[in-house]
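The structure file upload_25.tsv is reproduced below (TSV, C-alpha atoms).
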```tsv
chain	number	residue	atom	x	y	z
A	861	MET	CA	-102.77	0.94	-43.63
A	862	THR	CA	-99.26	-0.42	-43.72
A	863	TRP	CA	-96.25	1.74	-43.15
A	864	SER	CA	-95.01	1.79	-46.66
A	865	ASP	CA	-98.34	3.11	-47.92
A	866	ARG	CA	-98.13	6.17	-45.76
A	867	PRO	CA	-97.78	9.22	-47.96
A	868	GLY	CA	-94.56	11.19	-47.64
A	869	ARG	CA	-92.58	8.21	-46.47
A	870	ARG	CA	-91.61	6.72	-49.81
A	871	PRO	CA	-89.68	9.68	-51.30
A	872	ALA	CA	-87.59	9.81	-48.15
A	873	LEU	CA	-86.87	6.09	-48.41
A	874	VAL	CA	-85.93	6.41	-52.08
A	875	LEU	CA	-83.67	9.33	-51.27
A	876	LEU	CA	-82.04	7.34	-48.48
A	877	ALA	CA	-81.49	4.40	-50.83
A	878	LEU	CA	-79.99	6.73	-53.42
A	879	VAL	CA	-77.59	8.32	-50.96
A	880	PHE	CA	-76.60	4.89	-49.65
A	881	GLY	CA	-76.12	3.47	-53.11
A	882	ALA	CA	-74.02	6.40	-54.21
A	883	SER	CA	-71.78	6.30	-51.16
A	884	LEU	CA	-71.41	2.52	-51.50
A	885	ALA	CA	-70.38	2.93	-55.14
A	886	ALA	CA	-67.96	5.70	-54.16
A	887	ALA	CA	-66.49	3.48	-51.45
A	888	GLN	CA	-65.99	0.66	-53.95
A	889	VAL	CA	-64.32	2.93	-56.51
A	890	GLY	CA	-62.19	4.43	-53.77
A	891	ALA	CA	-61.24	0.95	-52.55
A	892	ASP	CA	-59.52	0.04	-55.82
A	893	THR	CA	-56.05	1.47	-55.37
A	894	ARG	CA	-54.49	-0.88	-57.89
A	895	ARG	CA	-52.17	0.75	-60.39
A	896	SER	CA	-50.77	-0.67	-63.57
A	897	GLY	CA	-47.00	-0.31	-64.03
A	898	TYR	CA	-47.98	1.97	-66.92
A	899	GLN	CA	-49.14	4.62	-64.44
A	900	ASP	CA	-45.78	4.55	-62.66
A	901	MET	CA	-43.84	5.32	-65.85
A	902	GLY	CA	-42.89	8.77	-67.06
A	903	PRO	CA	-44.92	10.50	-69.79
A	904	ALA	CA	-42.24	9.78	-72.43
A	905	LEU	CA	-42.48	6.02	-71.90
A	906	GLN	CA	-46.27	6.14	-71.74
A	907	LYS	CA	-46.28	7.88	-75.12
A	908	MET	CA	-43.89	5.27	-76.45
A	909	GLN	CA	-46.28	2.48	-75.45
A	910	ASP	CA	-49.35	4.28	-76.79
A	911	ASP	CA	-47.88	5.08	-80.22
A	912	ASP	CA	-48.01	1.91	-82.31
A	913	THR	CA	-45.20	3.13	-84.55
A	914	ALA	CA	-42.91	4.00	-81.64
A	915	ASN	CA	-43.66	0.96	-79.46
A	916	PRO	CA	-40.84	-1.50	-80.29
A	917	ALA	CA	-43.04	-4.41	-79.23
A	918	MET	CA	-45.17	-3.71	-82.30
A	919	LEU	CA	-42.25	-4.95	-84.44
A	920	PHE	CA	-42.75	-8.34	-82.79
A	921	VAL	CA	-46.53	-8.15	-83.20
A	922	GLN	CA	-45.83	-7.64	-86.91
A	923	LEU	CA	-43.53	-10.70	-86.89
A	924	GLY	CA	-46.22	-12.69	-85.08
A	925	GLU	CA	-48.75	-11.71	-87.73
A	926	GLN	CA	-46.47	-13.19	-90.39
A	927	LEU	CA	-46.06	-16.41	-88.38
A	928	TRP	CA	-49.82	-16.58	-87.85
A	929	SER	CA	-50.46	-17.33	-91.53
A	930	LYS	CA	-47.30	-19.36	-92.19
A	931	PRO	CA	-47.92	-23.15	-92.41
A	932	ALA	CA	-45.77	-25.26	-90.11
A	933	GLY	CA	-45.22	-28.88	-89.13
A	934	ALA	CA	-46.29	-32.23	-90.54
A	935	ALA	CA	-49.94	-31.13	-90.66
A	936	GLY	CA	-48.95	-28.29	-93.00
A	937	LYS	CA	-51.38	-25.96	-91.27
A	938	ALA	CA	-51.04	-22.34	-90.22
A	939	CYS	CA	-52.76	-20.82	-87.17
A	940	ALA	CA	-54.96	-18.94	-89.64
A	941	ASP	CA	-56.29	-22.20	-91.13
A	942	CYS	CA	-58.18	-23.02	-87.90
A	943	HIS	CA	-58.57	-19.68	-86.08
A	944	SER	CA	-59.71	-16.27	-87.20
A	945	VAL	CA	-57.85	-13.29	-85.80
A	946	ALA	CA	-61.15	-11.91	-84.47
A	947	ASP	CA	-61.58	-15.07	-82.36
A	948	MET	CA	-58.35	-14.23	-80.55
A	949	LYS	CA	-59.98	-11.17	-79.00
A	950	GLY	CA	-60.38	-11.85	-75.29
A	951	VAL	CA	-58.14	-14.94	-75.23
A	952	ALA	CA	-55.12	-13.34	-73.56
A	953	VAL	CA	-57.18	-11.84	-70.72
A	954	ARG	CA	-58.49	-15.24	-69.59
A	955	TYR	CA	-55.19	-17.12	-69.54
A	956	PRO	CA	-53.64	-18.99	-67.67
A	957	ALA	CA	-56.41	-21.56	-67.99
A	958	ILE	CA	-56.90	-25.30	-68.30
A	959	ALA	CA	-57.31	-26.18	-71.96
A	960	LYS	CA	-59.88	-28.73	-73.13
A	961	GLY	CA	-58.62	-32.23	-72.40
A	962	ALA	CA	-55.66	-31.00	-70.35
A	963	ASP	CA	-55.18	-31.62	-66.64
A	964	ARG	CA	-52.83	-28.77	-65.79
A	965	PRO	CA	-53.10	-25.05	-66.43
A	966	LEU	CA	-51.20	-23.37	-69.24
A	967	ASP	CA	-50.33	-19.75	-69.80
A	968	LEU	CA	-50.76	-18.16	-73.20
A	969	ASP	CA	-47.36	-19.11	-74.61
A	970	GLY	CA	-47.78	-22.61	-73.18
A	971	ARG	CA	-51.13	-22.87	-74.95
A	972	ILE	CA	-49.61	-21.70	-78.23
A	973	SER	CA	-46.82	-24.27	-77.86
A	974	LEU	CA	-49.39	-27.01	-77.20
A	975	CYS	CA	-51.31	-26.05	-80.34
A	976	ARG	CA	-48.07	-26.10	-82.28
A	977	THR	CA	-47.01	-29.58	-81.18
A	978	ALA	CA	-50.44	-31.22	-80.99
A	979	ASN	CA	-52.32	-29.68	-83.94
A	980	GLN	CA	-49.62	-28.47	-86.29
A	981	GLN	CA	-47.36	-31.43	-85.39
A	982	ALA	CA	-44.40	-29.11	-85.57
A	983	GLU	CA	-41.21	-28.81	-83.57
A	984	PRO	CA	-41.98	-26.87	-80.38
A	985	PHE	CA	-40.67	-23.32	-80.15
A	986	ALA	CA	-37.79	-22.92	-77.70
A	987	PRO	CA	-38.91	-21.18	-74.49
A	988	GLU	CA	-38.46	-17.40	-74.70
A	989	SER	CA	-37.60	-17.68	-78.39
A	990	ARG	CA	-38.39	-14.75	-80.63
A	991	ASP	CA	-40.94	-16.71	-82.67
A	992	LEU	CA	-42.87	-17.84	-79.60
A	993	LEU	CA	-42.84	-14.36	-78.06
A	994	SER	CA	-43.88	-12.76	-81.34
A	995	LEU	CA	-46.82	-15.09	-81.82
A	996	THR	CA	-47.85	-14.59	-78.18
A	997	ALA	CA	-47.57	-10.82	-78.60
A	998	PHE	CA	-49.72	-10.97	-81.72
A	999	VAL	CA	-52.45	-12.94	-79.91
A	1000	ALA	CA	-52.16	-10.78	-76.77
A	1001	HIS	CA	-52.44	-7.60	-78.84
A	1002	GLN	CA	-55.94	-8.62	-79.99
A	1003	SER	CA	-57.26	-8.24	-76.42
A	1004	ARG	CA	-55.92	-4.74	-75.83
A	1005	GLY	CA	-58.31	-2.61	-73.79
A	1006	LEU	CA	-60.31	-5.50	-72.35
A	1007	PRO	CA	-60.56	-6.11	-68.60
A	1008	ILE	CA	-58.51	-9.02	-67.24
A	1009	ALA	CA	-60.99	-11.86	-66.69
A	1010	PRO	CA	-59.54	-15.10	-65.29
A	1011	PRO	CA	-61.99	-18.02	-65.60
A	1012	ASP	CA	-63.96	-19.21	-62.57
A	1013	ASP	CA	-62.69	-22.75	-62.96
A	1014	PRO	CA	-62.64	-24.67	-59.65
A	1015	ARG	CA	-59.74	-26.77	-60.95
A	1016	LEU	CA	-57.61	-23.60	-61.04
A	1017	ARG	CA	-58.17	-22.90	-57.34
A	1018	PRO	CA	-55.40	-25.16	-55.94
A	1019	PHE	CA	-52.93	-23.64	-58.41
A	1020	ARG	CA	-53.98	-20.11	-57.51
A	1021	ASP	CA	-53.57	-20.92	-53.82
A	1022	HIS	CA	-50.13	-22.36	-54.53
A	1023	GLY	CA	-49.28	-19.15	-56.41
A	1024	ALA	CA	-50.49	-17.07	-53.47
A	1025	GLU	CA	-48.32	-19.14	-51.16
A	1026	ILE	CA	-45.24	-18.52	-53.37
A	1027	TYR	CA	-46.12	-14.81	-53.53
A	1028	ARG	CA	-46.03	-14.54	-49.73
A	1029	ARG	CA	-43.15	-16.97	-49.10
A	1030	ARG	CA	-39.83	-15.45	-48.10
A	1031	GLN	CA	-37.07	-16.78	-50.31
A	1032	GLY	CA	-33.54	-16.16	-51.48
A	1033	GLN	CA	-30.49	-14.85	-49.67
A	1034	LEU	CA	-32.22	-11.51	-49.16
A	1035	ASN	CA	-35.09	-13.38	-47.51
A	1036	LEU	CA	-37.80	-11.37	-49.25
A	1037	SER	CA	-41.22	-12.37	-50.54
A	1038	CYS	CA	-42.95	-10.86	-53.55
A	1039	ALA	CA	-45.50	-9.33	-51.18
A	1040	ILE	CA	-42.90	-7.42	-49.14
A	1041	CYS	CA	-42.00	-5.29	-52.15
A	1042	HIS	CA	-45.12	-5.33	-54.29
A	1043	ASP	CA	-47.80	-5.10	-51.57
A	1044	ASP	CA	-46.18	-3.56	-48.50
A	1045	ASN	CA	-43.74	-1.17	-50.21
A	1046	ALA	CA	-45.27	-0.59	-53.64
A	1047	GLY	CA	-45.11	3.05	-54.69
A	1048	LYS	CA	-41.93	3.65	-52.68
A	1049	LYS	CA	-38.50	3.78	-54.25
A	1050	LEU	CA	-35.99	0.99	-54.76
A	1051	ALA	CA	-32.88	2.93	-55.67
A	1052	GLY	CA	-34.27	5.47	-58.16
A	1053	VAL	CA	-37.10	3.29	-59.38
A	1054	THR	CA	-40.71	3.28	-58.21
A	1055	ILE	CA	-41.66	-0.19	-56.99
A	1056	PRO	CA	-44.69	-1.21	-59.04
A	1057	GLN	CA	-47.63	-3.20	-57.72
A	1058	ALA	CA	-46.72	-6.07	-60.06
A	1059	HIS	CA	-49.92	-6.40	-62.05
A	1060	PRO	CA	-49.35	-8.38	-65.25
A	1061	THR	CA	-51.35	-6.07	-67.51
A	1062	GLY	CA	-49.24	-5.95	-70.66
A	1063	TYR	CA	-47.28	-9.16	-71.22
A	1064	PRO	CA	-45.30	-9.94	-73.26
A	1065	ILE	CA	-43.59	-6.60	-72.61
A	1066	TYR	CA	-40.79	-4.78	-74.36
A	1067	ARG	CA	-38.44	-3.97	-71.52
A	1068	LEU	CA	-35.91	-1.28	-72.33
A	1069	GLU	CA	-33.39	-2.87	-69.99
A	1070	TRP	CA	-33.61	-6.12	-71.97
A	1071	GLN	CA	-33.74	-4.34	-75.33
A	1072	ALA	CA	-36.08	-7.16	-76.26
A	1073	LEU	CA	-39.53	-8.60	-75.84
A	1074	GLY	CA	-39.91	-10.84	-72.78
A	1075	SER	CA	-42.53	-12.97	-71.11
A	1076	LEU	CA	-43.98	-12.71	-67.61
A	1077	LYS	CA	-41.89	-15.77	-66.72
A	1078	ARG	CA	-38.74	-13.89	-67.67
A	1079	ARG	CA	-39.86	-11.02	-65.47
A	1080	LEU	CA	-40.48	-13.40	-62.56
A	1081	ARG	CA	-37.05	-15.00	-63.04
A	1082	ASN	CA	-35.60	-11.52	-63.05
A	1083	CYS	CA	-37.20	-10.78	-59.67
A	1084	LEU	CA	-36.11	-14.15	-58.24
A	1085	VAL	CA	-32.50	-13.47	-59.23
A	1086	GLY	CA	-32.89	-9.99	-57.73
A	1087	ILE	CA	-33.73	-11.42	-54.30
A	1088	ARG	CA	-30.95	-13.96	-54.84
A	1089	ALA	CA	-33.26	-16.93	-54.93
A	1090	GLU	CA	-32.82	-19.77	-57.38
A	1091	PRO	CA	-35.19	-19.30	-60.32
A	1092	TYR	CA	-37.53	-22.21	-61.07
A	1093	GLY	CA	-36.69	-24.27	-64.14
A	1094	TYR	CA	-38.12	-23.48	-67.56
A	1095	GLY	CA	-41.61	-24.95	-67.87
A	1096	SER	CA	-42.02	-25.20	-64.08
A	1097	LEU	CA	-45.62	-25.20	-62.90
A	1098	ASP	CA	-44.61	-22.74	-60.15
A	1099	TYR	CA	-44.50	-19.94	-62.73
A	1100	VAL	CA	-47.96	-20.79	-64.02
A	1101	ALA	CA	-49.30	-20.91	-60.45
A	1102	LEU	CA	-47.87	-17.46	-59.77
A	1103	GLU	CA	-49.29	-16.19	-63.05
A	1104	ILE	CA	-52.74	-17.49	-62.10
A	1105	PHE	CA	-52.52	-15.75	-58.73
A	1106	LEU	CA	-51.32	-12.49	-60.32
A	1107	ALA	CA	-54.06	-12.59	-62.97
A	1108	ASP	CA	-56.65	-13.08	-60.23
A	1109	ARG	CA	-55.13	-10.21	-58.27
A	1110	ALA	CA	-55.37	-7.97	-61.36
A	1111	ARG	CA	-58.92	-9.06	-62.22
A	1112	GLY	CA	-60.81	-6.25	-63.95
A	1113	MET	CA	-57.74	-4.15	-64.74
A	1114	LEU	CA	-57.35	-3.20	-68.39
A	1115	TRP	CA	-55.15	-5.26	-70.69
A	1116	GLU	CA	-52.57	-3.13	-72.47
A	1117	ALA	CA	-50.38	-5.66	-74.31
A	1118	PRO	CA	-47.84	-5.28	-75.71
A	1119	GLY	CA	-46.54	-3.01	-72.98
A	1120	VAL	CA	-43.33	-1.04	-72.70
A	1121	ARG	CA	-41.54	-0.98	-69.37
A	1122	PRO	CA	-38.25	0.57	-68.25
B	1012	MET	CA	-36.59	-10.98	-92.80
B	1013	THR	CA	-36.66	-7.25	-92.26
B	1014	ASN	CA	-39.23	-5.66	-90.09
B	1015	VAL	CA	-39.84	-1.93	-90.13
B	1016	LEU	CA	-42.46	0.51	-88.80
B	1017	ILE	CA	-42.79	3.94	-90.41
B	1018	ASN	CA	-44.91	6.82	-89.20
B	1019	ALA	CA	-45.30	9.48	-91.88
B	1020	PRO	CA	-48.23	11.71	-92.82
B	1021	LYS	CA	-50.09	10.70	-96.02
B	1022	THR	CA	-50.59	14.28	-97.08
B	1023	ALA	CA	-48.83	17.53	-96.25
B	1024	ARG	CA	-49.12	21.16	-97.28
B	1025	ARG	CA	-46.30	22.57	-99.43
B	1026	GLY	CA	-43.65	24.07	-97.21
B	1027	GLU	CA	-44.99	22.33	-94.10
B	1028	LEU	CA	-42.56	20.94	-91.55
B	1029	ILE	CA	-43.34	17.23	-91.11
B	1030	GLU	CA	-41.96	14.59	-88.77
B	1031	LEU	CA	-40.95	11.16	-90.08
B	1032	LYS	CA	-40.52	8.39	-87.51
B	1033	THR	CA	-38.88	5.05	-88.21
B	1034	LEU	CA	-38.36	1.93	-86.14
B	1035	ILE	CA	-36.48	-1.16	-87.28
B	1036	LEU	CA	-35.91	-4.62	-85.81
B	1037	HIS	CA	-32.17	-5.12	-85.35
B	1038	PRO	CA	-30.03	-6.61	-82.53
B	1039	MET	CA	-27.32	-3.86	-82.69
B	1040	GLU	CA	-24.79	-6.27	-81.20
B	1041	THR	CA	-21.92	-4.14	-79.94
B	1042	GLY	CA	-18.99	-6.45	-80.59
B	1043	PHE	CA	-17.78	-6.00	-77.01
B	1044	ARG	CA	-19.92	-8.59	-75.22
B	1045	PRO	CA	-18.74	-12.10	-74.36
B	1046	GLY	CA	-21.10	-14.91	-75.32
B	1047	THR	CA	-21.98	-18.04	-73.34
B	1048	ASN	CA	-18.78	-19.77	-74.53
B	1049	GLY	CA	-16.60	-16.90	-73.35
B	1050	GLY	CA	-15.75	-15.69	-76.86
B	1051	ILE	CA	-16.66	-12.21	-78.07
B	1052	ILE	CA	-19.92	-12.03	-80.01
B	1053	PRO	CA	-18.98	-10.42	-83.34
B	1054	ARG	CA	-20.23	-6.90	-83.94
B	1055	ASN	CA	-23.48	-6.71	-85.87
B	1056	ILE	CA	-24.84	-3.18	-86.13
B	1057	ILE	CA	-26.57	-0.97	-88.65
B	1058	GLN	CA	-23.86	1.35	-89.92
B	1059	ARG	CA	-25.80	3.85	-91.95
B	1060	PHE	CA	-29.35	5.11	-92.31
B	1061	VAL	CA	-30.31	7.26	-95.31
B	1062	ALA	CA	-33.66	8.80	-96.23
B	1063	THR	CA	-34.32	10.19	-99.72
B	1064	TRP	CA	-37.25	12.17	-101.09
B	1065	ASN	CA	-37.73	11.42	-104.81
B	1066	GLY	CA	-34.08	10.40	-104.95
B	1067	THR	CA	-32.70	13.45	-103.14
B	1068	GLU	CA	-31.10	12.77	-99.78
B	1069	ILE	CA	-32.96	14.54	-96.97
B	1070	PHE	CA	-31.44	12.85	-93.93
B	1071	SER	CA	-28.61	10.47	-93.14
B	1072	MET	CA	-26.83	9.26	-90.06
B	1073	ASP	CA	-24.00	6.94	-89.05
B	1074	LEU	CA	-24.91	4.55	-86.25
B	1075	SER	CA	-22.49	3.45	-83.54
B	1076	PRO	CA	-22.31	0.36	-81.30
B	1077	ALA	CA	-23.66	2.42	-78.37
B	1078	ILE	CA	-27.08	2.75	-80.00
B	1079	SER	CA	-29.68	0.40	-78.55
B	1080	ALA	CA	-31.28	-2.56	-80.27
B	1081	ASN	CA	-34.24	-1.82	-82.55
B	1082	PRO	CA	-33.20	1.79	-83.21
B	1083	PHE	CA	-35.93	4.43	-83.39
B	1084	VAL	CA	-35.00	7.39	-85.59
B	1085	SER	CA	-37.19	10.45	-85.96
B	1086	PHE	CA	-36.43	13.59	-87.94
B	1087	PHE	CA	-38.12	16.63	-89.45
B	1088	THR	CA	-38.14	17.74	-93.05
B	1089	VAL	CA	-39.92	20.32	-95.20
B	1090	ALA	CA	-42.54	18.93	-97.59
B	1091	THR	CA	-41.62	20.19	-101.06
B	1092	GLU	CA	-43.19	17.93	-103.70
B	1093	SER	CA	-45.42	14.85	-103.88
B	1094	GLY	CA	-43.58	11.60	-104.17
B	1095	ARG	CA	-41.81	8.71	-102.56
B	1096	VAL	CA	-39.75	8.93	-99.42
B	1097	ALA	CA	-37.38	5.96	-99.31
B	1098	PHE	CA	-35.53	4.74	-96.21
B	1099	ARG	CA	-32.45	2.54	-96.36
B	1100	TRP	CA	-30.60	0.88	-93.52
B	1101	SER	CA	-27.30	-0.89	-94.23
B	1102	GLY	CA	-24.85	-2.54	-91.87
B	1103	ASP	CA	-22.68	-5.45	-90.82
B	1104	GLU	CA	-23.11	-8.96	-92.17
B	1105	GLY	CA	-24.56	-7.60	-95.40
B	1106	PHE	CA	-27.61	-6.20	-93.65
B	1107	LEU	CA	-29.83	-4.17	-95.97
B	1108	ALA	CA	-33.39	-3.02	-95.41
B	1109	GLU	CA	-35.42	-0.74	-97.61
B	1110	GLU	CA	-38.86	0.71	-97.11
B	1111	SER	CA	-40.72	3.60	-98.67
B	1112	VAL	CA	-43.88	5.66	-98.23
B	1113	THR	CA	-45.67	8.04	-100.57
B	1114	ILE	CA	-46.60	11.51	-99.40
B	1115	ASP	CA	-49.00	13.80	-101.29
B	1116	VAL	CA	-47.99	17.43	-101.06
B	1117	VAL	CA	-50.88	19.78	-101.82
```

Give the structure from this file in C-alpha cells form.
Amino acid sequence: MTWSDRPGRRPALVLLALVFGASLAAAQVGADTRRSGYQDMGPALQKMQDDDTANPAMLFVQLGEQLWSKPAGAAGKACADCHSVADMKGVAVRYPAIAKGADRPLDLDGRISLCRTANQQAEPFAPESRDLLSLTAFVAHQSRGLPIAPPDDPRLRPFRDHGAEIYRRRQGQLNLSCAICHDDNAGKKLAGVTIPQAHPTGYPIYRLEWQALGSLKRRLRNCLVGIRAEPYGYGSLDYVALEIFLADRARGMLWEAPGVRP
Amino acid sequence: MTNVLINAPKTARRGELIELKTLILHPMETGFRPGTNGGIIPRNIIQRFVATWNGTEIFSMDLSPAISANPFVSFFTVATESGRVAFRWSGDEGFLAEESVTIDVV
C-alpha cells in the first residue's frame, strides 16, 4: 500500500494544495502595484475620459474615422479599402513591433506612416500632425479595454534592453533618470502633482496642458525637456526603444485610449 | 471641416429638466501669443454660441480668448415640445458650425 492510497490522507493534501494555491494567487495579485495615470487623476477628469461626448480626444477619433475612408496618394486607396475596422481591434496593444519585411521596430504612428508611403504611395504625414494623430487615435480606440500585449519577438529584445538602459540612465542638467521619478518616487508629489508610474496605457492622449492630442513621443520629449536634457530628434529610434520598454513594463494593464491627462 | 460631439437625450418627459452637452473642435487662438517667427498669431476664436429649440433661443453665450481650445459647453433646459434643437457656433475668420439633434417630448 503506497502512501497516497492511505485513506484520510488525500483530502488533507487537496486542502493543503487549495490553501497554497489561493495564497499564491493572492500574493501575485498583491504583487501588482502598477497604477495607470488614470487612477491618479481626480474624479472629474476620470469622468471626462469615460464620457465619449466629453472626452475631447473623441473629436480626433471622429476625424480619424473620416480619414480612414478617404482615398489618398497615387494608389488612390483608402485605409478602408484594405483593412476592416474590426481588424484594428488589438493592433494598438501589440505595438511597437517589427512589421513584415522591416528590420527595425515601429510604433503605431510609424506603422501608419509606413502604410501611407508604401501602400497608398502618398506624401507622409508630418510628425505630430493632426491627421497622423487622429488616424492613430482612431486605430488605438479600437483596442480600448484590451490588456497590453507586446509581442514575444526575439528581434525586439535588443531594442527593449536599449530602452531599459535609457530609462535608467541619468541625463540632463538635473541629472535625473526616468526611473528616479517614475519608479523610486512615483505616487509622491512633484509640486502639486502626483508623479505617475509612467505606464503608456492611453496614447495618443488629450493633455489639458497641451489643449491638444499628443503622442507618447511628445510626452517623452516633454519629460526630457523637464529634466533639461536634449530631446532626441524626430523619428529617432531611441523613442521607439523606450516605448518598447514601457509597453513591456505595462504588459497586461488595460488599454484605455484615447486617454485624458492633466 | 467642422467636428462636433453632442450629448442630448433622445426622449424626455414634458417639463423635465434635461442637460445638453456640446464639444467642438476649435483652436481658440488667443491673439496674444507670438508664433515661431516672432510675430503675433492672429486671434481665431469662436465668438458666439447659440442653441435654439424649434427656432426659439434657449441658450446663448459670448466666448472670450481665455476659453480653452475645443470648448465644452453644457447647459440645462426644460423640455417643452418635440422637435429640433439646433446649435450654432460662429467666430473669427468666418468660422461657422451648425449641428442639430431631435428630441421627442412625451

Inset, instruction - Determine which residues of chain B sit within 10 Å of chain A, taking into account only C-alpha atoms, and present them as a ChimeraX atom specification. - result: /B:1012-1019,1032-1036,1038-1039,1079-1085

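Closest approach to Arg971 in chain A among A:Val951, A:Ala986, A:Ala1117, A:Val921 is made by A:Val951 (distances from all atoms listed in the file).
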
Inset, instruction - Fewer than 6 positions away in the same chain doesn't count, so skip those; otherwise give me all residues within 10 Å of Thr1088 in chain B, counting all atoms listed in the file, as a ChimeraX atom specification. - result: /B:1026-1031,1064,1069-1070

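Minimum atom-to-atom distances from B:Asp1103, B:Glu1110, B:Ala1062, B:Val1117 to Phe1087 in chain B were compared using only C-alpha atoms, and the lowest value belongs to B:Ala1062.
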
Inset, instruction - Please provide the set of residues having any atom within 8 Å of range 973-985 of chain A, restricted to only C-alpha atoms, with same-chain residues fewer than 2 positions apart removed, written as a PyMOL selection string. - result: chain A and resi 932-938+969-971+987+989+991-992

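Distance annotation: of A:Pro965, A:Pro956, A:Gly1032, A:Pro1122, the residue with the minimal separation from Val1053 in chain A is A:Pro1122; atom set is only C-alpha atoms.
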
Residues proximal to (-34.4, 1.6, -93.6) were defined as those with any atom within 7 Å of that point in the file's coordinates, counting only C-alpha atoms. Which are they, as a tab-separated table (two decimals) with C-alpha atoms, in the frame of the given file?
```tsv
chain	number	residue	atom	x	y	z
B	1060	PHE	CA	-29.35	5.11	-92.31
B	1098	PHE	CA	-35.53	4.74	-96.21
B	1099	ARG	CA	-32.45	2.54	-96.36
B	1100	TRP	CA	-30.60	0.88	-93.52
B	1108	ALA	CA	-33.39	-3.02	-95.41
B	1109	GLU	CA	-35.42	-0.74	-97.61
B	1110	GLU	CA	-38.86	0.71	-97.11
```

Legend entry - Counting only C-alpha atoms, the residue of B:Glu1040, B:Pro1020, B:Phe1086, B:Ala1077 that sits nearest Ile1052 in chain B: B:Glu1040

Step by step, gather every atom of range 1040-1055 of chain B that the file lists, find the box along x, y and z that holds them, add 4 Å on each side, and finally give centre and edge lengths in Å to one decimal, as JSON.
```
{"center_x": -20.3, "center_y": -12.0, "center_z": -79.6, "size_x": 17.0, "size_y": 23.6, "size_z": 20.5}
```

Legend entry - Nearest to Pro1056 in chain A, chosen from A:His1042, A:His943, A:Arg1017, A:Arg1078, with only C-alpha atoms counted in the distances: A:His1042

Inset, instruction - May I ask which of the residues B:Lys1021, B:Phe1043, B:Arg1059, B:Asp1073 is the closest one to Val1096 in chain B, counting all atoms listed in the file? - result: B:Lys1021

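Reported to one decimal place, the separation of CA of Thr1041 in chain B from CA of Gln1058 in chain B is 11.6 Å.
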
Legend entry - Surrounding residues of Gly1094 in chain B excluding itself and chain neighbours under 3 positions, 7 Å, only C-alpha atoms, as number ranges by chain: B: 1065, 1113-1115

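If you look at CA of Gly1023 in chain A and CA of Met1113 in chain A, they are 19.1 Å away from each other.
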
Inset, instruction - Provide the CA of Gly1074 in chain A to CA of Gly1062 in chain A distance in Å, to one decimal place. - result: 10.7 Å

Legend entry - Selection as a list of chain:residue names: residues within 12 Å of (-57.3, -12.0, -86.4), counting all atoms listed in the file: A:Val921, A:Gly924, A:Glu925, A:Gln926, A:Trp928, A:Ser929, A:Cys939, A:Ala940, A:Asp941, A:Cys942, A:His943, A:Ser944, A:Val945, A:Ala946, A:Asp947, A:Met948, A:Lys949, A:Gly950, A:Val951, A:Leu995, A:Phe998, A:Val999, A:Ala1000, A:His1001, A:Gln1002, A:Ser1003

Legend entry - Close residues, Cys1083 in chain A itself excluded, 12 Å, only C-alpha atoms, min 3 positions apart in chain, as a PyMOL selection string: chain A and resi 1027+1031-1032+1034+1036-1039+1041-1042+1055+1058+1076-1080+1086-1092

For Ala1107 in chain A, list every protein, DNA or RNA residue within 8 Å, evaluated using all atoms listed in the file, and leave out those in the same chain fewer than 2 positions away; present the list as a tab-separated table (two decimals) with C-alpha atoms, in the coordinates of the input.
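Written file, around-v4.tsv:
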```
chain	number	residue	atom	x	y	z
A	956	PRO	CA	-53.64	-18.99	-67.67
A	1008	ILE	CA	-58.51	-9.02	-67.24
A	1009	ALA	CA	-60.99	-11.86	-66.69
A	1010	PRO	CA	-59.54	-15.10	-65.29
A	1059	HIS	CA	-49.92	-6.40	-62.05
A	1060	PRO	CA	-49.35	-8.38	-65.25
A	1103	GLU	CA	-49.29	-16.19	-63.05
A	1104	ILE	CA	-52.74	-17.49	-62.10
A	1105	PHE	CA	-52.52	-15.75	-58.73
A	1109	ARG	CA	-55.13	-10.21	-58.27
A	1110	ALA	CA	-55.37	-7.97	-61.36
A	1111	ARG	CA	-58.92	-9.06	-62.22
```

Supply range 926-932 of chain A as a tab-separated table (two decimals), in the frame of the given file, with N, CA, C and O atoms built in where the input has gaps.
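Now in part_15.tsv:
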```
chain	number	residue	atom	x	y	z
A	926	GLN	N	-47.00	-12.39	-89.27
A	926	GLN	CA	-46.47	-13.19	-90.39
A	926	GLN	C	-46.47	-14.67	-90.05
A	926	GLN	O	-46.83	-15.51	-90.88
A	927	LEU	N	-46.09	-15.00	-88.79
A	927	LEU	CA	-46.06	-16.41	-88.38
A	927	LEU	C	-47.46	-17.00	-88.34
A	927	LEU	O	-47.65	-18.19	-88.59
A	928	TRP	N	-48.43	-16.15	-88.00
A	928	TRP	CA	-49.82	-16.58	-87.85
A	928	TRP	C	-50.33	-17.27	-89.12
A	928	TRP	O	-51.06	-18.25	-89.07
A	929	SER	N	-49.92	-16.77	-90.29
A	929	SER	CA	-50.46	-17.33	-91.53
A	929	SER	C	-49.42	-18.18	-92.26
A	929	SER	O	-49.59	-18.49	-93.44
A	930	LYS	N	-48.34	-18.54	-91.56
A	930	LYS	CA	-47.30	-19.36	-92.19
A	930	LYS	C	-47.51	-20.83	-91.79
A	930	LYS	O	-47.47	-21.15	-90.60
A	931	PRO	N	-47.73	-21.74	-92.76
A	931	PRO	CA	-47.92	-23.15	-92.41
A	931	PRO	C	-46.67	-23.72	-91.75
A	931	PRO	O	-45.56	-23.35	-92.10
A	932	ALA	N	-46.90	-24.65	-90.80
A	932	ALA	CA	-45.77	-25.26	-90.11
A	932	ALA	C	-46.11	-26.69	-89.77
A	932	ALA	O	-47.28	-27.06	-89.63
```
